[in-house]
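coords_4.cif, holding mmCIF, C-alpha atoms:
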data_coords
loop_
_atom_site.label_atom_id
_atom_site.label_comp_id
_atom_site.auth_asym_id
_atom_site.auth_seq_id
_atom_site.Cartn_x
_atom_site.Cartn_y
_atom_site.Cartn_z
CA MET A 1 -60.67 96.56 -69.32
CA LYS A 2 -62.26 93.80 -71.35
CA ASN A 3 -64.98 91.97 -69.59
CA THR A 4 -65.35 88.72 -71.44
CA ARG A 5 -66.93 85.60 -70.06
CA ARG A 6 -63.45 84.13 -69.76
CA GLU A 7 -62.26 87.05 -67.64
CA PHE A 8 -65.29 86.75 -65.44
CA LEU A 9 -64.77 83.03 -64.87
CA LYS A 10 -61.14 83.69 -64.06
CA LYS A 11 -62.14 86.18 -61.40
CA LEU A 12 -64.64 83.73 -59.99
CA SER A 13 -61.95 81.11 -59.60
CA TYR A 14 -59.76 83.62 -57.71
CA LEU A 15 -62.61 84.20 -55.32
CA ALA A 16 -63.01 80.48 -54.80
CA ILE A 17 -59.30 80.21 -53.93
CA LEU A 18 -59.56 83.09 -51.48
CA ALA A 19 -62.57 81.55 -49.78
CA ALA A 20 -60.69 78.29 -49.29
CA ILE A 21 -57.97 79.92 -47.16
CA PRO A 22 -58.71 79.10 -43.53
CA ARG A 23 -59.27 81.90 -41.04
CA ALA A 24 -56.10 83.02 -39.27
CA ALA A 25 -55.54 81.14 -36.05
CA TRP A 26 -55.56 84.12 -33.69
CA ALA A 27 -59.01 85.18 -34.80
CA SER A 28 -61.21 85.35 -31.73
CA TRP A 29 -63.86 87.26 -33.64
CA ASN A 30 -67.24 86.89 -31.98
CA HIS A 31 -69.19 85.61 -34.97
CA LYS A 32 -72.49 85.19 -33.15
CA ALA A 33 -72.59 88.76 -31.83
CA PHE A 34 -71.67 90.26 -35.19
CA ALA A 35 -74.27 88.15 -36.99
CA ALA A 36 -77.11 89.10 -34.63
CA ASP A 37 -79.67 91.23 -36.45
CA GLU A 38 -81.28 92.83 -33.41
CA LEU A 39 -79.73 95.17 -30.87
CA GLN A 40 -80.81 93.21 -27.79
CA THR A 41 -79.60 89.89 -29.21
CA ALA A 42 -76.28 91.43 -30.20
CA ILE A 43 -75.73 92.81 -26.70
CA LYS A 44 -76.67 89.47 -25.17
CA GLU A 45 -74.36 87.50 -27.46
CA LYS A 46 -71.54 89.88 -26.71
CA PHE A 47 -71.87 90.36 -22.97
CA GLY A 48 -74.23 87.67 -21.71
CA ASP A 49 -76.29 88.90 -18.79
CA LEU A 50 -74.00 91.63 -17.48
CA PRO A 51 -76.03 94.42 -15.84
CA VAL A 52 -76.38 97.58 -17.95
CA VAL A 53 -76.80 101.05 -16.45
CA ASP A 54 -77.18 104.42 -18.17
CA SER A 55 -74.31 106.63 -17.14
CA ASP A 56 -73.04 110.18 -17.53
CA ALA A 57 -69.50 108.92 -17.10
CA VAL A 58 -69.57 107.81 -20.73
CA THR A 59 -69.37 110.45 -23.45
CA LEU A 60 -70.38 109.55 -26.97
CA LYS A 61 -69.42 112.01 -29.64
CA ALA A 62 -71.28 111.61 -32.90
CA PRO A 63 -72.68 114.06 -35.44
CA ASN A 64 -76.36 114.98 -35.06
CA ILE A 65 -76.78 114.80 -38.80
CA ALA A 66 -74.58 112.57 -40.93
CA GLU A 67 -74.81 113.54 -44.58
CA ASN A 68 -73.13 110.38 -45.72
CA GLY A 69 -73.93 107.17 -43.86
CA LYS A 70 -70.81 105.53 -45.30
CA VAL A 71 -68.51 107.47 -43.00
CA VAL A 72 -69.80 108.51 -39.60
CA PRO A 73 -67.07 109.51 -37.16
CA ILE A 74 -67.75 108.29 -33.64
CA SER A 75 -65.69 108.74 -30.52
CA VAL A 76 -66.29 107.36 -27.08
CA LYS A 77 -64.69 108.63 -23.90
CA SER A 78 -65.17 107.68 -20.31
CA SER A 79 -64.07 109.01 -16.95
CA LEU A 80 -64.47 105.54 -15.38
CA GLU A 81 -61.48 103.67 -13.97
CA ASN A 82 -60.29 100.31 -15.29
CA VAL A 83 -62.24 100.32 -18.53
CA SER A 84 -61.76 96.95 -20.19
CA SER A 85 -63.77 97.37 -23.37
CA ILE A 86 -65.73 99.84 -25.47
CA THR A 87 -68.42 98.63 -27.87
CA VAL A 88 -70.43 100.56 -30.43
CA PHE A 89 -73.85 99.47 -31.73
CA VAL A 90 -76.07 101.04 -34.37
CA ALA A 91 -79.64 100.05 -33.49
CA LYS A 92 -81.14 100.01 -36.97
CA ASN A 93 -78.26 98.59 -38.99
CA PRO A 94 -78.79 95.17 -40.62
CA TYR A 95 -76.24 93.93 -38.06
CA PRO A 96 -76.19 96.31 -35.07
CA LEU A 97 -72.75 95.46 -33.67
CA ALA A 98 -70.24 97.75 -35.38
CA THR A 99 -67.10 97.38 -33.34
CA SER A 100 -65.90 96.16 -30.00
CA ILE A 101 -62.54 97.23 -28.67
CA LYS A 102 -60.73 95.67 -25.74
CA LEU A 103 -58.38 98.03 -23.94
CA GLY A 104 -55.32 96.80 -22.13
CA LYS A 105 -53.30 98.00 -19.15
CA GLY A 106 -52.26 101.66 -19.23
CA THR A 107 -54.76 102.73 -21.84
CA ILE A 108 -57.09 105.68 -21.53
CA ALA A 109 -60.78 105.21 -22.27
CA ASP A 110 -60.84 107.38 -25.37
CA ILE A 111 -61.34 105.81 -28.79
CA SER A 112 -62.42 106.94 -32.24
CA VAL A 113 -63.69 104.94 -35.20
CA ARG A 114 -65.55 105.63 -38.40
CA ILE A 115 -68.66 103.55 -38.95
CA ARG A 116 -71.37 102.95 -41.53
CA MET A 117 -75.04 103.65 -40.90
CA ALA A 118 -77.84 102.32 -43.09
CA GLN A 119 -80.43 104.83 -41.90
CA THR A 120 -81.31 107.29 -39.15
CA SER A 121 -80.85 105.44 -35.88
CA THR A 122 -79.59 105.57 -32.33
CA VAL A 123 -75.95 104.86 -31.77
CA VAL A 124 -75.32 103.03 -28.51
CA ALA A 125 -71.96 102.98 -26.75
CA LEU A 126 -71.34 100.43 -24.02
CA VAL A 127 -68.33 100.78 -21.77
CA GLU A 128 -67.32 97.77 -19.71
CA ALA A 129 -65.60 98.48 -16.41
CA GLU A 130 -65.16 96.11 -13.46
CA GLY A 131 -67.84 93.69 -14.61
CA LYS A 132 -70.48 96.29 -15.29
CA LEU A 133 -71.75 97.91 -18.46
CA TYR A 134 -72.28 101.65 -18.72
CA ARG A 135 -74.44 102.87 -21.55
CA THR A 136 -74.99 106.10 -23.38
CA SER A 137 -76.76 106.67 -26.68
CA GLN A 138 -77.38 109.35 -29.25
CA GLN A 139 -79.67 109.76 -32.23
CA VAL A 140 -77.88 110.29 -35.55
CA LYS A 141 -79.84 111.42 -38.57
CA VAL A 142 -78.63 109.94 -41.84
CA THR A 143 -79.41 111.55 -45.20
CA ILE A 144 -77.79 108.92 -47.44
CA GLY A 145 -77.47 105.37 -46.15
CA GLY A 146 -74.13 103.62 -46.37
CA CYS A 147 -74.69 99.88 -46.47
CA GLY A 148 -76.02 98.99 -49.93
CA GLY A 149 -74.80 100.07 -53.35
CA MET B 1 -53.15 95.08 -46.27
CA LYS B 2 -51.39 98.37 -45.68
CA ILE B 3 -51.53 100.00 -42.27
CA LYS B 4 -50.59 103.62 -41.69
CA VAL B 5 -49.81 104.54 -38.10
CA LYS B 6 -48.99 107.74 -36.30
CA ALA B 7 -48.14 107.76 -32.62
CA LYS B 8 -47.33 110.94 -30.76
CA GLU B 9 -46.55 111.57 -27.10
CA LYS B 10 -47.67 114.67 -25.22
CA ASP B 11 -47.68 115.09 -21.44
CA GLY B 12 -47.15 111.37 -20.84
CA ILE B 13 -50.05 110.33 -23.05
CA VAL B 14 -49.47 108.66 -26.38
CA LYS B 15 -52.14 109.09 -29.03
CA VAL B 16 -52.15 106.37 -31.65
CA LYS B 17 -53.97 106.87 -34.93
CA MET B 18 -54.30 104.05 -37.43
CA LEU B 19 -55.59 103.81 -40.95
CA VAL B 20 -55.95 100.36 -42.48
CA LYS B 21 -56.33 100.14 -46.22
CA HIS B 22 -59.23 97.76 -46.73
CA PRO B 23 -62.31 97.70 -49.00
CA MET B 24 -64.68 96.61 -46.16
CA GLU B 25 -67.21 94.98 -48.48
CA THR B 26 -70.54 94.44 -46.76
CA GLY B 27 -71.76 91.74 -49.14
CA ARG B 28 -74.69 93.96 -50.11
CA ARG B 29 -73.05 95.86 -52.93
CA LYS B 30 -73.24 94.76 -56.57
CA ASP B 31 -70.50 95.00 -59.19
CA ALA B 32 -70.93 96.21 -62.79
CA GLN B 33 -72.35 92.80 -63.81
CA GLY B 34 -74.97 92.93 -61.07
CA VAL B 35 -73.30 90.16 -59.09
CA LEU B 36 -73.11 90.65 -55.33
CA ILE B 37 -69.59 91.41 -54.15
CA LYS B 38 -68.44 88.92 -51.53
CA VAL B 39 -68.27 89.96 -47.89
CA ASN B 40 -64.74 91.05 -47.11
CA HIS B 41 -64.13 93.03 -43.98
CA LEU B 42 -61.54 93.51 -41.33
CA THR B 43 -62.20 91.36 -38.27
CA GLU B 44 -59.43 92.19 -35.83
CA VAL B 45 -56.72 94.74 -35.16
CA LYS B 46 -54.24 94.35 -32.35
CA VAL B 47 -51.67 96.81 -30.98
CA GLU B 48 -48.94 95.51 -28.72
CA HIS B 49 -46.21 97.12 -26.69
CA GLN B 50 -43.60 94.73 -25.27
CA GLY B 51 -46.07 91.87 -25.20
CA ASN B 52 -48.79 93.91 -23.51
CA VAL B 53 -51.90 94.11 -25.70
CA LEU B 54 -53.01 97.74 -25.53
CA PHE B 55 -55.76 97.65 -28.10
CA HIS B 56 -57.66 94.68 -29.48
CA GLY B 57 -60.51 95.68 -31.76
CA GLU B 58 -63.10 93.43 -33.34
CA PHE B 59 -64.82 94.91 -36.37
CA GLY B 60 -67.98 94.14 -38.28
CA MET B 61 -69.05 95.26 -41.71
CA ALA B 62 -70.58 98.39 -40.20
CA VAL B 63 -67.14 99.94 -40.16
CA SER B 64 -66.26 102.34 -42.97
CA LYS B 65 -64.04 101.57 -45.94
CA ASN B 66 -60.35 102.12 -45.12
CA PRO B 67 -61.09 102.03 -41.38
CA PHE B 68 -59.67 104.73 -39.20
CA MET B 69 -59.25 104.13 -35.49
CA ALA B 70 -57.59 105.97 -32.65
CA PHE B 71 -56.85 105.33 -29.01
CA ALA B 72 -54.56 106.62 -26.27
CA TYR B 73 -52.39 105.16 -23.54
CA LYS B 74 -49.91 106.27 -20.89
CA GLY B 75 -46.51 105.92 -22.49
CA ALA B 76 -43.31 107.61 -23.53
CA LYS B 77 -41.39 108.72 -26.59
CA GLY B 78 -39.46 105.87 -28.20
CA ASP B 79 -42.00 103.16 -27.28
CA LYS B 80 -42.08 100.54 -30.00
CA LEU B 81 -45.57 99.44 -30.98
CA SER B 82 -46.44 96.56 -33.25
CA ILE B 83 -49.76 96.52 -35.04
CA SER B 84 -51.28 93.48 -36.68
CA SER B 85 -54.57 92.97 -38.47
CA VAL B 86 -56.59 90.17 -40.04
CA ASP B 87 -59.72 90.09 -42.21
CA ASN B 88 -62.50 87.51 -42.62
CA LEU B 89 -60.62 85.85 -45.49
CA GLY B 90 -57.53 85.33 -43.38
CA LEU B 91 -55.40 88.01 -45.05
CA THR B 92 -53.12 89.76 -42.59
CA GLY B 93 -51.33 93.06 -42.25
CA GLN B 94 -48.47 94.18 -40.06
CA ALA B 95 -46.85 97.48 -39.13
CA ASP B 96 -44.35 98.75 -36.59
CA VAL B 97 -44.07 102.25 -35.26
CA THR B 98 -41.90 104.16 -32.82
CA VAL B 99 -43.66 106.75 -30.69
CA LYS B 100 -42.56 110.31 -31.51
#

Using the file provided, produce a representation of the structure as structure tokens.
Amino acid sequence: MKNTRREFLKKLSYLAILAAIPRAAWASWNHKAFAADELQTAIKEKFGDLPVVDSDAVTLKAPNIAENGKVVPISVKSSLENVSSITVFVAKNPYPLATSIKLGKGTIADISVRIRMAQTSTVVALVEAEGKLYRTSQQVKVTIGGCGG
Amino acid sequence: MKIKVKAKEKDGIVKVKMLVKHPMETGRRKDAQGVLIKVNHLTEVKVEHQGNVLFHGEFGMAVSKNPFMAFAYKGAKGDKLSISSVDNLGLTGQADVTVK
């Protein structure tokens, strides 16, 4: 493909058009929590002052060594009743909050996602059930980071 | 935005696996000209069954390219699920699936 100045400017104008489209109305995306650059701030922005306890009732499955930080499979399970949300943080990522999933009626606390990790870090899973947070964490060693180019 | 979904029932539990086709740009990568590629990532994915929201995920840029996600719920064969997604630029995706 030719990469002339004209082409480049054209692409830039497309980007400008895209950026001008307003965010979809149903977006309830928690901007503050996702933009927090420290684990504690991210947790606070997400959950306020809810009490956090370490618990064996939460199982976090993650590889001990991730060769490629771009794709790290994570799954979180819990034996707790009435789980309303599951959230995954990566402590040393530029933005620790990776994903937060609300679970509705009839669901089973068992989710899987694939996340990015910039470097070796602890992965923290928080499970929210009946107004309390249950935490479990695991160290994941990363050989190649997955956030930059 | 293309969404691939598979939903299978076994012993009263439906496992739903989803794959959303999305570049998930973090805003930290550079293109061939050395210009930073704009942040473009999925923000939300919702799965509904007869108006009941089963799964509502919020995602940051720390989620892999072409995000894969899975969850489970108590359901039956023939359940009709509708999946919708939106990214930070407001682009949306939609898919429907019948539980097998």

For this session: Specify as a ChimeraX atom specification all residues of chain A found within 6 Å of chain B, counting all atoms listed in the file.
Result: /A:23-24,71,98-104,106-108,110-116,148-149

Could you turn the residues from that selection into a file that holds C-alpha atoms, as a short mmCIF file (atom, residue, chain, number, x, y, z; two decimals), keeping the file's coordinate frame?
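That gives us again13.cif:
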data_model
loop_
_atom_site.label_atom_id
_atom_site.label_comp_id
_atom_site.auth_asym_id
_atom_site.auth_seq_id
_atom_site.Cartn_x
_atom_site.Cartn_y
_atom_site.Cartn_z
CA ARG A 23 -59.27 81.90 -41.04
CA ALA A 24 -56.10 83.02 -39.27
CA VAL A 71 -68.51 107.47 -43.00
CA ALA A 98 -70.24 97.75 -35.38
CA THR A 99 -67.10 97.38 -33.34
CA SER A 100 -65.90 96.16 -30.00
CA ILE A 101 -62.54 97.23 -28.67
CA LYS A 102 -60.73 95.67 -25.74
CA LEU A 103 -58.38 98.03 -23.94
CA GLY A 104 -55.32 96.80 -22.13
CA GLY A 106 -52.26 101.66 -19.23
CA THR A 107 -54.76 102.73 -21.84
CA ILE A 108 -57.09 105.68 -21.53
CA ASP A 110 -60.84 107.38 -25.37
CA ILE A 111 -61.34 105.81 -28.79
CA SER A 112 -62.42 106.94 -32.24
CA VAL A 113 -63.69 104.94 -35.20
CA ARG A 114 -65.55 105.63 -38.40
CA ILE A 115 -68.66 103.55 -38.95
CA ARG A 116 -71.37 102.95 -41.53
CA GLY A 148 -76.02 98.99 -49.93
CA GLY A 149 -74.80 100.07 -53.35
#

Problem set entry | Residues in the PyMOL selection byres ((chain A and resi 80) around 10), expressed as a PyMOL selection string | chain A and resi 56-58+77-79+81-83+108-109+127-130+134

For this session: On this file, the PyMOL selection byres ((chain B and resi 97) around 6) gives some set of residues; write that set as a ChimeraX atom specification.
Result: /B:80-81,96,98

For this session: Decode the PyMOL selection byres ((chain B and resi 77) around 6) for the given file into explicit residues and return them as a list of chain:residue names.
Result: B:Glu9, B:Ala76, B:Gly78, B:Asp79, B:Val99, B:Lys100

For this session: For segment 51-55 of chain A, list every protein, DNA or RNA residue within 7 Å, evaluated using only C-alpha atoms, and leave out those in the same chain fewer than 5 positions away; present the list as a VMD selection string.
Result: chain A and resid 132 to 136

Problem set entry | Atomic distance atom CA of Lys8 of chain B - atom CA of Phe89 of chain A, expressed in Å with one decimal |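 Pair atom CA of Lys8 of chain B / atom CA of Phe89 of chain A returns 28.9 Å.
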
Seminar exercise, completed: Here atom CA of Ala66 of chain A and atom CA of Val142 of chain A stand apart by 4.9 Å

Problem set entry | Interatomic distance (Å, one decimal) between atom CA of Lys46 of chain A and atom CA of Asn30 of chain A |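 Atom-to-atom, atom CA of Lys46 of chain A and atom CA of Asn30 of chain A are spaced 7.4 Å apart.
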
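Among A:Glu67, A:Leu126, A:Phe34, A:Ser137, the residue with the shortest atom-to-atom distance to Asn93 of chain A, counting only C-alpha atoms, is A:Phe34.
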
Problem set entry | Nearest-residue call for Val90 of chain A, choices A:Glu45, A:Thr59, A:Gln138, A:Asn68, using all atoms listed in the file |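 Ranking A:Glu45, A:Thr59, A:Gln138, A:Asn68 by distance to Val90 of chain A, first place goes to A:Gln138.
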
For this session: List every protein, DNA or RNA residue that has at least one atom no more than 10 Å from (-76.3, 99.4, -32.0) in the file's coordinates, counting only C-alpha atoms, and write the result as a PyMOL selection string.
Result: chain A and resi 37-40+42-43+87-99+117+121-126+137
